[in-house]
Amino acid sequence: MRLLLISLRLLYMRGLAVKNILIVLGAGLATLVLLTVLLGSGSPANKQEPSLVGNQGDAQNAPSANVDGNLFLVTRVIDGDTIEIEGGQRVRYIGIDTPETVDPRKPVQCFGVEASNKNKQLVEGKRVRLEKDITETDRYGRLVRYVYVDDVFINLKLVAEGFAYSYTYPPDVKYQSQFVEVQRVAREQKRGLWGSCPTSSTITLPPTPAIAPTAQPTNQCTIKGNISSAGENIYHVEGCGSYNATKIDEARGERWFCSEADALAAGWRKAKNCP
């Protein structure tokens with residue numbers, strides 16, 4: 001009997017030990033599973049967040065502003081209305097003309113150096129945006145464009161501050177009314193060349209632009225700017241007595257105007273036989 005009790009006690013104690021072992025093994029297995037899950041998904045400290053800007057290689061390969069054709073670096077200012085951009089291409093400003101400084105056939109004109117220096121201040125070494133009107137290039141192969149630095153319209157600014165005057169030449173007349181208006185104000189307030197140069201230097205006919213000549217007027221530009229045999233600049237509108245007989249020779253500097261205001265601003269007077 002005593003032996004039986006001892007045997008039962010041993011079996012009971014062995015059962016408790018097995019139970020304890022199973023509990024320990026179960027806890028260890030649960031811990032192992034948890035560690036596996038954590039290691040598989042990565043800890044918060046080591047987890048890699050998605051980049052909002054791409055990797056370094058993507059950033060290096062992204063196109064720069066000038067590559068996509070919107071902006072161009074100005075490497076040289078030729079004079080007040082002509083620049084050179086990267087690659088050696090020259091650009092002639094549309095709608096304006098500045099006093100001459102680089103033409104070997106002519107002396108430096110009044111306020112020409114100031115206009116050139118102002119243009120350098122505005123654009124040299126900067127990236128500019130170019131806007132085309134109608135004409136692509138002039139007969140010298142220069143691009144014919146409106147020029148902007150950020151939101152500043154360089155062509156217009158030069159006229160508004162008296163460093164250039166309006167010289168709209170068909171068919172590139174998109175901003176003609178703006179050029180004429182800011183010139184009127186600059187002239188009235190004697191800004192720049194209007195207050196510094198003799199009247200004969202600022203009101204005379206500017207050099208004929210090198211844009212390919214327009215043999216016929218556009219629908220909007222029908223006013224004939226004629227130069228008389230005496231050298232006087234006279235314009236004729238439809239209905240003037242000499243309108244039909246007047247022929248425009250652009251090689252002589254004669255030109256078409258789109259409005260009487262533009263003709264007057266450029267130094268022409270109205271023909272006396274006009275109604």
# chains A, B, ... in the order shown; residues from 1 in each chain; ligands from 1

call {"tool": "residues_around", "arguments": {"residues": "range 106-113 of chain A", "least_positions_apart": "6", "cutoff": "8 Å", "atoms": "only C-alpha atoms", "output": "short mmCIF file (atom, residue, chain, number, x, y, z; two decimals) with C-alpha atoms, in the first residue's frame"}}
result
data_model
loop_
_atom_site.label_atom_id
_atom_site.label_comp_id
_atom_site.auth_asym_id
_atom_site.auth_seq_id
_atom_site.Cartn_x
_atom_site.Cartn_y
_atom_site.Cartn_z
CA ASP A 79 23.34 96.95 -77.44
CA GLY A 80 20.09 98.34 -76.12
CA THR A 98 17.34 102.15 -79.15
CA PRO A 99 19.98 104.72 -80.15
CA GLU A 100 22.85 103.19 -82.10
CA PHE A 163 15.84 104.07 -72.93
CA GLY A 192 15.62 109.12 -70.30
CA LEU A 193 16.43 110.09 -73.87
CA SER A 196 18.51 114.24 -72.30
CA CYS A 197 18.80 114.40 -76.09
CA SER A 201 18.02 113.14 -81.97
#

call {"tool": "residues_around", "arguments": {"residues": "Leu143 in chain A", "least_positions_apart": "2", "cutoff": "12 Å", "atoms": "only C-alpha atoms", "output": "PyMOL selection string"}}
result
chain A and resi 81-85+88-94+130-141+145-147+210-212

call {"tool": "closest_residue", "arguments": {"among": "A:Gly95, A:Gly162, A:Gly241, A:Pro104", "to": "Gln183 in chain A", "atoms": "only C-alpha atoms"}}
result
A:Gly162

call {"tool": "atom_distance", "arguments": {"atom1": "CA of Ala265 in chain A", "atom2": "CA of Arg105 in chain A"}}
result
25.9 Å

call {"tool": "residues_around", "arguments": {"residues": "Gly87 in chain A", "least_positions_apart": "4", "cutoff": "12 Å", "atoms": "only C-alpha atoms", "output": "mmCIF file with N, CA and C atoms, in the first residue's frame"}}
result
data_model
loop_
_atom_site.group_PDB
_atom_site.id
_atom_site.type_symbol
_atom_site.label_atom_id
_atom_site.label_comp_id
_atom_site.auth_asym_id
_atom_site.auth_seq_id
_atom_site.Cartn_x
_atom_site.Cartn_y
_atom_site.Cartn_z
ATOM 1 N N ASN A 66 16.241 75.696 -68.731
ATOM 2 C CA ASN A 66 16.591 76.112 -70.080
ATOM 3 C C ASN A 66 16.582 74.953 -71.062
ATOM 4 N N PHE A 72 16.381 80.933 -71.294
ATOM 5 C CA PHE A 72 17.671 80.940 -71.967
ATOM 6 C C PHE A 72 18.605 81.906 -71.248
ATOM 7 N N LEU A 73 19.844 81.492 -71.070
ATOM 8 C CA LEU A 73 20.831 82.329 -70.404
ATOM 9 C C LEU A 73 21.355 83.391 -71.366
ATOM 10 N N VAL A 74 21.332 84.636 -70.934
ATOM 11 C CA VAL A 74 21.883 85.736 -71.728
ATOM 12 C C VAL A 74 23.374 85.811 -71.447
ATOM 13 N N THR A 75 24.168 85.525 -72.454
ATOM 14 C CA THR A 75 25.619 85.505 -72.285
ATOM 15 C C THR A 75 26.277 86.834 -72.665
ATOM 16 N N ARG A 76 25.558 87.646 -73.441
ATOM 17 C CA ARG A 76 26.156 88.911 -73.891
ATOM 18 C C ARG A 76 25.062 89.878 -74.316
ATOM 19 N N VAL A 91 19.341 87.676 -80.434
ATOM 20 C CA VAL A 91 17.915 87.958 -80.329
ATOM 21 C C VAL A 91 17.700 89.459 -80.448
#

call {"tool": "residues_around", "arguments": {"residues": "Ile96 in chain A", "least_positions_apart": "3", "cutoff": "6 Å", "atoms": "only C-alpha atoms", "output": "PyMOL selection string"}}
result
chain A and resi 165-167

call {"tool": "closest_residue", "arguments": {"among": "A:Asp172, A:Glu250, A:Glu188, A:Asp97", "to": "Cys221 in chain A", "atoms": "only C-alpha atoms"}}
result
A:Asp172

call {"tool": "atom_distance", "arguments": {"atom1": "CA of Gly125 in chain A", "atom2": "CA of Ala164 in chain A"}}
result
21.1 Å

call {"tool": "closest_residue", "arguments": {"among": "A:Val77, A:Glu161, A:Ala245, A:Arg255", "to": "Gln189 in chain A", "atoms": "only C-alpha atoms"}}
result
A:Glu161

call {"tool": "select_by_dssp", "arguments": {"residues": "range 80-241 of chain A", "states": "helix (DSSP H, G or I)", "output": "count of residues only"}}
result
40

call {"tool": "closest_residue", "arguments": {"among": "A:Ile248, A:Arg127, A:Ala115, A:Arg184", "to": "Leu158 in chain A", "atoms": "only C-alpha atoms"}}
result
A:Ala115

call {"tool": "closest_residue", "arguments": {"among": "A:Ile223, A:Val123, A:Val159, A:Ala266", "to": "Asn244 in chain A", "atoms": "only C-alpha atoms"}}
result
A:Ile223
